[in-house]
$ cat entry-v9.pdb   # PDB, C-alpha atoms and all ligand atoms
MODEL        1
ATOM      1  CA  MET A   1     115.538 101.257 116.668
ATOM      2  CA  PRO A   2     112.465  99.671 118.317
ATOM      3  CA  PRO A   3     111.418  96.435 116.597
ATOM      4  CA  THR A   4     108.383  95.832 114.409
ATOM      5  CA  THR A   5     106.758  92.412 114.595
ATOM      6  CA  ARG A   6     103.601  91.000 113.069
ATOM      7  CA  PHE A   7     101.030  88.277 113.448
ATOM      8  CA  ALA A   8     100.033  86.973 110.036
ATOM      9  CA  PRO A   9      97.201  84.428 110.224
ATOM     10  CA  SER A  10      95.573  82.838 107.190
ATOM     11  CA  PRO A  11      91.783  83.120 107.532
ATOM     12  CA  THR A  12      91.247  79.560 106.365
ATOM     13  CA  GLY A  13      89.973  78.376 109.724
ATOM     14  CA  ARG A  14      89.593  79.438 113.307
ATOM     15  CA  LEU A  15      92.540  80.230 115.581
ATOM     16  CA  HIS A  16      93.521  77.753 118.269
ATOM     17  CA  LEU A  17      95.817  77.950 121.284
ATOM     18  CA  GLY A  18      98.958  77.560 119.180
ATOM     19  CA  HIS A  19      98.041  80.668 117.213
ATOM     20  CA  ALA A  20      97.324  82.531 120.452
ATOM     21  CA  ALA A  21     100.741  81.575 121.821
ATOM     22  CA  SER A  22     102.467  82.752 118.645
ATOM     23  CA  ALA A  23     100.549  86.044 118.534
ATOM     24  CA  ILE A  24     101.383  86.684 122.196
ATOM     25  CA  ARG A  25     105.079  86.096 121.563
ATOM     26  CA  ALA A  26     105.149  88.504 118.610
ATOM     27  CA  HIS A  27     103.093  91.093 120.501
ATOM     28  CA  ASP A  28     105.146  90.918 123.705
ATOM     29  CA  PHE A  29     108.461  91.003 121.853
ATOM     30  CA  ALA A  30     107.500  94.327 120.299
ATOM     31  CA  ARG A  31     105.842  95.817 123.371
ATOM     32  CA  ALA A  32     108.779  94.972 125.670
ATOM     33  CA  GLN A  33     110.976  97.182 123.481
ATOM     34  CA  ASN A  34     108.473  99.929 122.771
ATOM     35  CA  GLY A  35     108.092  98.587 119.236
ATOM     36  CA  CYS A  36     105.238  98.032 116.823
ATOM     37  CA  PHE A  37     103.003  94.969 116.565
ATOM     38  CA  LEU A  38     101.206  94.647 113.232
ATOM     39  CA  LEU A  39      98.385  92.419 112.042
ATOM     40  CA  ARG A  40      98.369  91.022 108.530
ATOM     41  CA  ILE A  41      95.588  88.841 107.152
ATOM     42  CA  GLU A  42      97.023  86.372 104.647
ATOM     43  CA  ASP A  43      93.907  86.006 102.516
ATOM     44  CA  ILE A  44      95.379  85.358  99.075
ATOM     45  CA  ASP A  45      94.018  81.848  98.621
ATOM     46  CA  PRO A  46      90.567  82.512  97.128
ATOM     47  CA  GLY A  47      89.543  78.890  97.519
ATOM     48  CA  ARG A  48      90.218  78.737 101.258
ATOM     49  CA  ALA A  49      90.114  82.238 102.795
ATOM     50  CA  ARG A  50      86.771  83.180 104.370
ATOM     51  CA  ALA A  51      85.603  86.648 105.488
ATOM     52  CA  GLU A  52      83.871  85.203 108.541
ATOM     53  CA  HIS A  53      87.197  83.855 109.803
ATOM     54  CA  VAL A  54      88.710  87.350 109.549
ATOM     55  CA  ALA A  55      86.051  88.785 111.848
ATOM     56  CA  THR A  56      86.582  85.914 114.293
ATOM     57  CA  ILE A  57      90.370  86.419 114.307
ATOM     58  CA  LEU A  58      90.021  90.118 115.150
ATOM     59  CA  ALA A  59      87.599  89.309 117.966
ATOM     60  CA  ASP A  60      89.900  86.553 119.297
ATOM     61  CA  LEU A  61      92.900  88.880 119.477
ATOM     62  CA  ALA A  62      90.900  91.579 121.265
ATOM     63  CA  TRP A  63      89.649  88.924 123.722
ATOM     64  CA  LEU A  64      93.257  87.905 124.438
ATOM     65  CA  GLY A  65      94.072  91.560 125.139
ATOM     66  CA  LEU A  66      96.352  91.935 122.115
ATOM     67  CA  ALA A  67      96.107  95.333 120.407
ATOM     68  CA  TRP A  68      97.832  95.859 117.082
ATOM     69  CA  ASP A  69      99.176  99.106 115.674
ATOM     70  CA  GLY A  70      97.770 100.820 112.607
ATOM     71  CA  PRO A  71      95.386  99.382 110.042
ATOM     72  CA  VAL A  72      95.164  95.660 109.355
ATOM     73  CA  LEU A  73      96.909  94.747 106.095
ATOM     74  CA  HIS A  74      94.915  92.358 103.909
ATOM     75  CA  GLN A  75      97.092  90.566 101.379
ATOM     76  CA  SER A  76      94.177  90.509  98.936
ATOM     77  CA  THR A  77      94.793  94.267  98.477
ATOM     78  CA  ARG A  78      98.444  93.732  97.597
ATOM     79  CA  LEU A  79      98.196  91.799  94.343
ATOM     80  CA  PRO A  80      99.907  94.498  92.201
ATOM     81  CA  ALA A  81     102.955  94.384  94.493
ATOM     82  CA  TYR A  82     103.210  90.600  94.132
ATOM     83  CA  ALA A  83     102.825  90.890  90.360
ATOM     84  CA  ALA A  84     105.687  93.407  90.287
ATOM     85  CA  ALA A  85     107.916  91.052  92.301
ATOM     86  CA  LEU A  86     107.053  88.202  89.932
ATOM     87  CA  ASP A  87     107.956  90.408  86.974
ATOM     88  CA  THR A  88     111.349  91.132  88.536
ATOM     89  CA  LEU A  89     112.056  87.421  88.985
ATOM     90  CA  ARG A  90     110.755  86.600  85.518
ATOM     91  CA  ALA A  91     113.046  89.269  84.031
ATOM     92  CA  GLN A  92     115.922  87.514  85.810
ATOM     93  CA  GLY A  93     114.975  84.321  83.956
ATOM     94  CA  LEU A  94     114.202  82.499  87.191
ATOM     95  CA  LEU A  95     110.550  81.481  86.685
ATOM     96  CA  TYR A  96     109.020  78.814  84.497
ATOM     97  CA  PRO A  97     105.420  77.830  83.854
ATOM     98  CA  CYS A  98     104.279  74.512  85.305
ATOM     99  CA  THR A  99     101.394  72.632  83.700
ATOM    100  CA  CYS A 100     101.472  69.608  86.015
ATOM    101  CA  THR A 101      98.445  68.437  87.931
ATOM    102  CA  ARG A 102      98.889  67.096  91.445
ATOM    103  CA  ALA A 103      98.328  63.584  90.134
ATOM    104  CA  GLU A 104     101.047  63.986  87.492
ATOM    105  CA  ILE A 105     103.518  65.212  90.087
ATOM    106  CA  ALA A 106     102.706  62.285  92.381
ATOM    107  CA  ALA A 107     103.098  59.811  89.515
ATOM    108  CA  GLU A 108     106.431  61.320  88.513
ATOM    109  CA  ILE A 109     107.753  61.142  92.071
ATOM    110  CA  ALA A 110     106.613  57.527  92.396
ATOM    111  CA  ALA A 111     108.193  56.568  89.059
ATOM    112  CA  SER A 112     111.535  58.197  89.836
ATOM    113  CA  SER A 113     111.758  56.656  93.299
ATOM    114  CA  THR A 114     114.493  53.986  93.228
ATOM    115  CA  ALA A 115     113.371  52.327  96.447
ATOM    116  CA  PRO A 116     110.694  49.652  95.885
ATOM    117  CA  HIS A 117     108.855  50.846  98.979
ATOM    118  CA  ALA A 118     108.938  54.596  99.519
ATOM    119  CA  PRO A 119     109.849  55.564 103.082
ATOM    120  CA  VAL A 120     106.819  56.569 105.133
ATOM    121  CA  SER A 121     108.654  59.262 107.086
ATOM    122  CA  GLY A 122     111.185  61.926 106.173
ATOM    123  CA  PRO A 123     110.793  65.209 104.346
ATOM    124  CA  ALA A 124     107.978  65.509 101.826
ATOM    125  CA  PRO A 125     109.260  64.995  98.288
ATOM    126  CA  THR A 126     109.818  68.161  96.314
ATOM    127  CA  TYR A 127     108.586  68.940  92.802
ATOM    128  CA  PRO A 128     110.586  66.742  90.392
ATOM    129  CA  GLY A 129     111.270  69.585  87.931
ATOM    130  CA  THR A 130     109.295  68.080  85.050
ATOM    131  CA  CYS A 131     108.308  71.364  83.430
ATOM    132  CA  ARG A 132     111.785  72.833  83.852
ATOM    133  CA  ARG A 133     112.994  70.211  81.391
ATOM    134  CA  ARG A 134     110.367  70.712  78.684
ATOM    135  CA  PRO A 135     109.529  73.608  76.394
ATOM    136  CA  PRO A 136     107.647  76.287  78.362
ATOM    137  CA  ASP A 137     103.906  76.459  77.731
ATOM    138  CA  PRO A 138     102.784  79.689  79.467
ATOM    139  CA  ALA A 139      99.284  79.510  77.967
ATOM    140  CA  ARG A 140      98.566  76.258  79.849
ATOM    141  CA  ALA A 141     100.431  77.206  83.052
ATOM    142  CA  VAL A 142      98.641  76.301  86.253
ATOM    143  CA  ALA A 143     101.541  77.669  88.300
ATOM    144  CA  TRP A 144     104.815  79.551  88.041
ATOM    145  CA  ARG A 145     107.741  77.925  89.748
ATOM    146  CA  ILE A 146     111.176  79.252  90.608
ATOM    147  CA  ASP A 147     114.150  77.463  89.067
ATOM    148  CA  MET A 148     115.812  77.037  92.426
ATOM    149  CA  ALA A 149     119.257  75.987  91.205
ATOM    150  CA  ARG A 150     119.427  78.959  88.889
ATOM    151  CA  ALA A 151     118.124  81.311  91.580
ATOM    152  CA  VAL A 152     120.699  80.069  94.091
ATOM    153  CA  ALA A 153     123.459  80.511  91.531
ATOM    154  CA  ARG A 154     122.340  84.075  90.920
ATOM    155  CA  ALA A 155     121.964  85.051  94.591
ATOM    156  CA  GLY A 156     125.170  83.371  95.768
ATOM    157  CA  PRO A 157     125.547  82.218  99.390
ATOM    158  CA  VAL A 158     123.279  84.103 101.810
ATOM    159  CA  ASP A 159     122.787  83.837 105.554
ATOM    160  CA  TRP A 160     120.010  84.730 107.938
ATOM    161  CA  HIS A 161     119.819  84.988 111.690
ATOM    162  CA  ASP A 162     117.591  83.028 114.031
ATOM    163  CA  ALA A 163     117.372  83.910 117.727
ATOM    164  CA  THR A 164     117.830  80.264 118.727
ATOM    165  CA  ALA A 165     119.803  78.725 115.870
ATOM    166  CA  GLY A 166     122.162  81.687 115.373
ATOM    167  CA  THR A 167     123.580  82.388 111.931
ATOM    168  CA  VAL A 168     122.021  80.055 109.388
ATOM    169  CA  ARG A 169     123.243  79.520 105.832
ATOM    170  CA  ALA A 170     120.205  79.547 103.543
ATOM    171  CA  THR A 171     119.694  76.170 101.842
ATOM    172  CA  PRO A 172     116.626  76.775  99.647
ATOM    173  CA  LEU A 173     117.655  74.058  97.174
ATOM    174  CA  ASP A 174     116.218  71.499  99.603
ATOM    175  CA  GLN A 175     112.775  73.041  99.080
ATOM    176  CA  GLY A 176     112.838  72.352  95.349
ATOM    177  CA  ASP A 177     111.278  74.550  92.659
ATOM    178  CA  VAL A 178     108.543  75.997  94.859
ATOM    179  CA  VAL A 179     105.435  77.628  93.412
ATOM    180  CA  LEU A 180     105.452  81.438  93.519
ATOM    181  CA  ALA A 181     102.113  82.026  91.763
ATOM    182  CA  ARG A 182      99.103  79.996  90.668
ATOM    183  CA  ARG A 183      96.444  80.629  88.109
ATOM    184  CA  ASP A 184      93.832  80.871  90.892
ATOM    185  CA  ALA A 185      96.078  82.595  93.477
ATOM    186  CA  PRO A 186      98.354  85.235  92.002
ATOM    187  CA  ALA A 187     100.985  84.888  94.717
ATOM    188  CA  SER A 188     102.052  81.983  96.878
ATOM    189  CA  TYR A 189     102.669  82.194 100.616
ATOM    190  CA  HIS A 190     106.442  82.400 100.063
ATOM    191  CA  LEU A 191     106.254  85.372  97.722
ATOM    192  CA  ALA A 192     103.553  87.330  99.559
ATOM    193  CA  VAL A 193     105.123  86.940 102.999
ATOM    194  CA  THR A 194     108.535  88.060 101.769
ATOM    195  CA  VAL A 195     107.209  91.093  99.892
ATOM    196  CA  ASP A 196     104.948  92.146 102.766
ATOM    197  CA  ASP A 197     107.430  91.736 105.611
ATOM    198  CA  ALA A 198     109.583  94.250 103.701
ATOM    199  CA  TYR A 199     106.621  96.495 102.831
ATOM    200  CA  GLN A 200     105.492  96.662 106.461
ATOM    201  CA  GLY A 201     109.010  97.275 107.773
ATOM    202  CA  VAL A 202     108.999  94.106 109.869
ATOM    203  CA  THR A 203     112.361  93.901 111.657
ATOM    204  CA  ASP A 204     111.660  90.739 113.651
ATOM    205  CA  VAL A 205     109.652  87.784 112.389
ATOM    206  CA  VAL A 206     108.304  85.821 115.350
ATOM    207  CA  ARG A 207     106.652  82.562 114.246
ATOM    208  CA  GLY A 208     106.543  78.844 114.849
ATOM    209  CA  VAL A 209     109.486  76.581 114.124
ATOM    210  CA  ASP A 210     107.308  74.762 111.571
ATOM    211  CA  LEU A 211     108.182  77.653 109.221
ATOM    212  CA  PHE A 212     111.945  77.425 109.818
ATOM    213  CA  ASP A 213     112.660  75.781 106.459
ATOM    214  CA  ALA A 214     110.429  78.247 104.626
ATOM    215  CA  THR A 215     112.809  80.975 105.778
ATOM    216  CA  HIS A 216     115.486  79.577 103.449
ATOM    217  CA  VAL A 217     113.193  80.408 100.537
ATOM    218  CA  HIS A 218     112.257  83.814 101.965
ATOM    219  CA  ARG A 219     115.922  84.736 102.440
ATOM    220  CA  LEU A 220     116.670  83.796  98.834
ATOM    221  CA  LEU A 221     113.761  85.906  97.577
ATOM    222  CA  GLN A 222     114.989  88.840  99.688
ATOM    223  CA  ALA A 223     118.372  88.566  97.985
ATOM    224  CA  LEU A 224     116.861  88.381  94.493
ATOM    225  CA  LEU A 225     114.390  91.227  95.095
ATOM    226  CA  GLY A 226     116.800  93.483  96.981
ATOM    227  CA  LEU A 227     114.703  93.489 100.170
ATOM    228  CA  PRO A 228     115.901  94.024 103.751
ATOM    229  CA  VAL A 229     116.451  90.924 105.893
ATOM    230  CA  PRO A 230     114.543  90.718 109.187
ATOM    231  CA  ARG A 231     115.777  88.824 112.223
ATOM    232  CA  TYR A 232     113.902  85.557 112.807
ATOM    233  CA  HIS A 233     112.619  84.124 116.066
ATOM    234  CA  HIS A 234     111.258  80.646 115.406
ATOM    235  CA  HIS A 235     109.596  79.472 118.569
ATOM    236  CA  PRO A 236     108.668  75.935 119.655
ATOM    237  CA  LEU A 237     105.146  74.822 118.860
ATOM    238  CA  THR A 238     102.542  74.605 121.587
ATOM    239  CA  LEU A 239     101.754  70.984 122.341
ATOM    240  CA  GLY A 240      98.450  69.484 123.398
ATOM    241  CA  PRO A 241      97.920  67.199 126.395
ATOM    242  CA  ASP A 242      99.006  64.215 124.291
ATOM    243  CA  GLY A 243     102.321  65.894 123.456
ATOM    244  CA  ARG A 244     101.330  66.397 119.830
ATOM    245  CA  ARG A 245     101.190  69.799 118.203
ATOM    246  CA  LEU A 246      97.909  71.625 118.391
ATOM    247  CA  ALA A 247      96.063  71.809 115.154
ATOM    248  CA  LYS A 248      92.465  71.926 114.177
ATOM    249  CA  ARG A 249      92.558  68.385 112.848
ATOM    250  CA  ASP A 250      93.567  67.138 116.289
ATOM    251  CA  GLY A 251      90.369  68.510 117.768
ATOM    252  CA  ALA A 252      92.110  71.386 119.586
ATOM    253  CA  PRO A 253      89.528  73.882 120.819
ATOM    254  CA  ALA A 254      89.160  77.026 118.757
ATOM    255  CA  LEU A 255      89.686  80.289 120.636
ATOM    256  CA  ALA A 256      86.191  81.276 119.521
ATOM    257  CA  ASP A 257      84.764  78.253 121.369
ATOM    258  CA  LEU A 258      86.581  79.173 124.573
ATOM    259  CA  ARG A 259      85.406  82.768 124.167
ATOM    260  CA  ALA A 260      81.817  81.676 123.618
ATOM    261  CA  ALA A 261      82.037  79.427 126.673
ATOM    262  CA  GLY A 262      82.808  82.485 128.784
ATOM    263  CA  GLN A 263      86.523  81.900 129.394
ATOM    264  CA  ASP A 264      88.615  84.921 130.324
ATOM    265  CA  GLY A 265      90.901  85.602 127.367
ATOM    266  CA  ARG A 266      93.384  87.699 129.314
ATOM    267  CA  ALA A 267      93.738  84.988 131.932
ATOM    268  CA  LEU A 268      94.314  82.463 129.163
ATOM    269  CA  ALA A 269      96.994  84.733 127.686
ATOM    270  CA  ALA A 270      98.620  85.026 131.104
ATOM    271  CA  GLY A 271      98.701  81.233 131.354
ATOM    272  CA  LEU A 272     100.348  80.919 127.959
ATOM    273  CA  ARG A 273     102.932  83.562 128.935
ATOM    274  CA  ALA A 274     103.702  81.655 132.134
ATOM    275  CA  GLY A 275     104.212  78.524 130.048
ATOM    276  CA  HIS A 276     106.665  80.327 127.794
ATOM    277  CA  GLN A 277     108.571  81.635 130.824
ATOM    278  CA  ALA A 278     108.736  78.198 132.413
ATOM    279  CA  ARG A 279     110.113  76.744 129.217
ATOM    280  CA  ALA A 280     112.796  79.403 128.981
ATOM    281  CA  HIS A 281     114.502  77.808 132.003
ATOM    282  CA  PRO A 282     115.605  74.179 132.311
ATOM    283  CA  PRO A 283     114.323  71.551 132.543
ATOM    284  CA  ALA A 284     112.869  72.313 129.153
ATOM    285  CA  THR A 285     109.666  70.330 129.255
ATOM    286  CA  PRO A 286     107.172  71.394 126.601
ATOM    287  CA  THR A 287     104.167  73.458 127.583
ATOM    288  CA  ARG A 288     101.179  71.156 128.057
ATOM    289  CA  LEU A 289      97.698  72.507 127.860
TER     290      LEU A 289
HETATM  291  N1  LIG A 301      99.978  82.812 107.312
HETATM  292  C1  LIG A 301     100.866  81.828 107.844
HETATM  293  C2  LIG A 301     100.090  80.847 108.683
HETATM  294  O1  LIG A 301      99.034  81.174 109.171
HETATM  295  C3  LIG A 301     101.970  82.368 108.735
HETATM  296  C4  LIG A 301     102.878  83.272 108.032
HETATM  297  C5  LIG A 301     104.146  83.637 108.770
HETATM  298  O2  LIG A 301     104.116  83.829 109.992
HETATM  299  O3  LIG A 301     105.159  83.781 108.113
HETATM  300  O4  LIG A 301     100.547  79.744 108.845
HETATM  301 ZN    ZN A 302     105.125  71.004  85.941
ENDMDL
END
$ encode --input "entry-v9.pdb" --output "structure tokens"
Amino acid sequence: MPPTTRFAPSPTGRLHLGHAASAIRAHDFARAQNGCFLLRIEDIDPGRARAEHVATILADLAWLGLAWDGPVLHQSTRLPAYAAALDTLRAQGLLYPCTCTRAEIAAEIAASSTAPHAPVSGPAPTYPGTCRRRPPDPARAVAWRIDMARAVARAGPVDWHDATAGTVRATPLDQGDVVLARRDAPASYHLAVTVDDAYQGVTDVVRGVDLFDATHVHRLLQALLGLPVPRYHHHPLTLGPDGRRLAKRDGAPALADLRAAGQDGRALAAGLRAGHQARAHPPATPTRL
């Protein structure tokens, strides 16, 4: 069966070259096998998503020469589906209300740290489980979290497949009791992406390696919700001239700026493709832009 891939930007800012590279990979993967390339706008965060960014994203993709199939799916239209998934997990006894503020969580993590000086590097600390250990107070909930240990026990061991890493045993416990819904955003990234990849029939998720660990959570949710499991293709991130990953905060140019300056989007896409090809063969030096 031909594959279905998707590009799923969050319209919280403008796209940069790293987004372009990722969209091109997902697009080309599908097109090379006569498959479908879908566009999904992940606009469920009412505080951060902006309509003007959506328009810019569509224009950027057209400028790069990337055409998507079918209508664009906006996650803001999918809230009933996320609510249904939450109900399923709640009925399984896997969710609990969290009333903690960010400051409370930070204080709890600091207090429980045994080291006098917390390490400056290493994985970000996970939620310490405060509300899991106290009587639930749904009326004051600011978020609903998954009881990860309980969820893992229910799902049992599950694997997923990554094109580079091969068969991966899901280890979602390392992610802690992640948030699946907030008072101001009825579904979190983890929940919405899992529900929608299944809804859209995505067979192959092509995205940056920065989301590799998130896939452990997505695979667990697939098991709990009875959803199909796509294949994953986590690609290396596009690095800037200084060797650091491109991100808006690093001053990477937005695609819209390059477009406005009269650059040829298709030529830019060709350059990014050539970089991907070069990296596919040793010596594996990162693409520099
Ligand atoms: N919306 C996410 C982002 O822009 C990507 C989602 C995904 O590819 O799974 O970072
Ligand atoms: Zn809490």
$ resolve_selection --input "entry-v9.pdb" --expression "the PyMOL selection byres (((chain A and resi 8-14) around 7) and not hetatm)" --output "number ranges by chain"
A: 6-7, 15-16, 39-43, 48-50, 53-54, 254
$ write_last_selection --input "entry-v9.pdb" --atoms "C-alpha atoms" --output "PDB file, in the frame of the given file"
ATOM      1  CA  ARG A   6     103.601  91.000 113.069  1.00  0.00           C
ATOM      2  CA  PHE A   7     101.030  88.277 113.448  1.00  0.00           C
ATOM      3  CA  LEU A  15      92.540  80.230 115.581  1.00  0.00           C
ATOM      4  CA  HIS A  16      93.521  77.753 118.269  1.00  0.00           C
ATOM      5  CA  LEU A  39      98.385  92.419 112.042  1.00  0.00           C
ATOM      6  CA  ARG A  40      98.369  91.022 108.530  1.00  0.00           C
ATOM      7  CA  ILE A  41      95.588  88.841 107.152  1.00  0.00           C
ATOM      8  CA  GLU A  42      97.023  86.372 104.647  1.00  0.00           C
ATOM      9  CA  ASP A  43      93.907  86.006 102.516  1.00  0.00           C
ATOM     10  CA  ARG A  48      90.218  78.737 101.258  1.00  0.00           C
ATOM     11  CA  ALA A  49      90.114  82.238 102.795  1.00  0.00           C
ATOM     12  CA  ARG A  50      86.771  83.180 104.370  1.00  0.00           C
ATOM     13  CA  HIS A  53      87.197  83.855 109.803  1.00  0.00           C
ATOM     14  CA  VAL A  54      88.710  87.350 109.549  1.00  0.00           C
ATOM     15  CA  ALA A 254      89.160  77.026 118.757  1.00  0.00           C
TER      16      ALA A 254
END
$ resolve_selection --input "entry-v9.pdb" --expression "the PyMOL selection byres (((chain A and resi 229) around 10) and not hetatm)" --output "short mmCIF file (atom, residue, chain, number, x, y, z; two decimals) with C-alpha atoms, in the frame of the given file"
data_model
loop_
_atom_site.label_atom_id
_atom_site.label_comp_id
_atom_site.auth_asym_id
_atom_site.auth_seq_id
_atom_site.Cartn_x
_atom_site.Cartn_y
_atom_site.Cartn_z
CA ASP A 159 122.79 83.84 105.55
CA TRP A 160 120.01 84.73 107.94
CA HIS A 161 119.82 84.99 111.69
CA THR A 194 108.54 88.06 101.77
CA ASP A 197 107.43 91.74 105.61
CA ALA A 198 109.58 94.25 103.70
CA GLY A 201 109.01 97.28 107.77
CA VAL A 202 109.00 94.11 109.87
CA THR A 203 112.36 93.90 111.66
CA ASP A 204 111.66 90.74 113.65
CA VAL A 205 109.65 87.78 112.39
CA HIS A 218 112.26 83.81 101.96
CA ARG A 219 115.92 84.74 102.44
CA GLN A 222 114.99 88.84 99.69
CA ALA A 223 118.37 88.57 97.98
CA GLY A 226 116.80 93.48 96.98
CA LEU A 227 114.70 93.49 100.17
CA PRO A 228 115.90 94.02 103.75
CA PRO A 230 114.54 90.72 109.19
CA ARG A 231 115.78 88.82 112.22
CA TYR A 232 113.90 85.56 112.81
#
$ resolve_selection --input "entry-v9.pdb" --expression "the PyMOL selection byres (((chain A and resi 211) around 12) and not hetatm)" --output "count of residues only"
23
$ residues_near_ligand --input "entry-v9.pdb" --ligand "ligand ZN 302 (chain A)" --cutoff "12 Å" --atoms "all atoms listed in the file" --output "number ranges by chain"
A: 95-109, 126-138, 140-147, 177-179, 182
$ axis_aligned_box --input "entry-v9.pdb" --around "ligand LIG 301 (chain A)" --padding-each-side "8 Å" --output "AutoDock Vina command-line options"
--center_x 102.1 --center_y 81.8 --center_z 108.7 --size_x 22.1 --size_y 20.1 --size_z 18.7
$ closest_residue --input "entry-v9.pdb" --among "A:Asn34, A:Thr4, A:Gln75, A:Gln277" --to "ligand LIG 301 (chain A)" --atoms "all atoms listed in the file"
A:Gln75
$ closest_residue --input "entry-v9.pdb" --among "A:Ala84, A:Ala30, A:Leu220, A:Leu191" --to "ligand LIG 301 (chain A)" --atoms "all atoms listed in the file"
A:Leu191
$ atom_distance --input "entry-v9.pdb" --atom1 "CA of Leu89 in chain A" --atom2 "atom O1 of ligand LIG 301 (chain A)"
24.8 Å
$ atom_distance --input "entry-v9.pdb" --atom1 "CA of Leu66 in chain A" --atom2 "CA of Leu268 in chain A"
12.0 Å
$ atom_distance --input "entry-v9.pdb" --atom1 "CA of Asp196 in chain A" --atom2 "CA of Leu86 in chain A"
13.6 Å
$ closest_residue --input "entry-v9.pdb" --among "A:Ala163, A:Ala67, A:Ala111, A:Ala269" --to "Cys36 in chain A" --atoms "all atoms listed in the file"
A:Ala67
$ closest_residue --input "entry-v9.pdb" --among "A:Leu17, A:Ala151, A:Ile44, A:Val158" --to "ligand LIG 301 (chain A)" --atoms "only C-alpha atoms and all ligand atoms"
A:Ile44
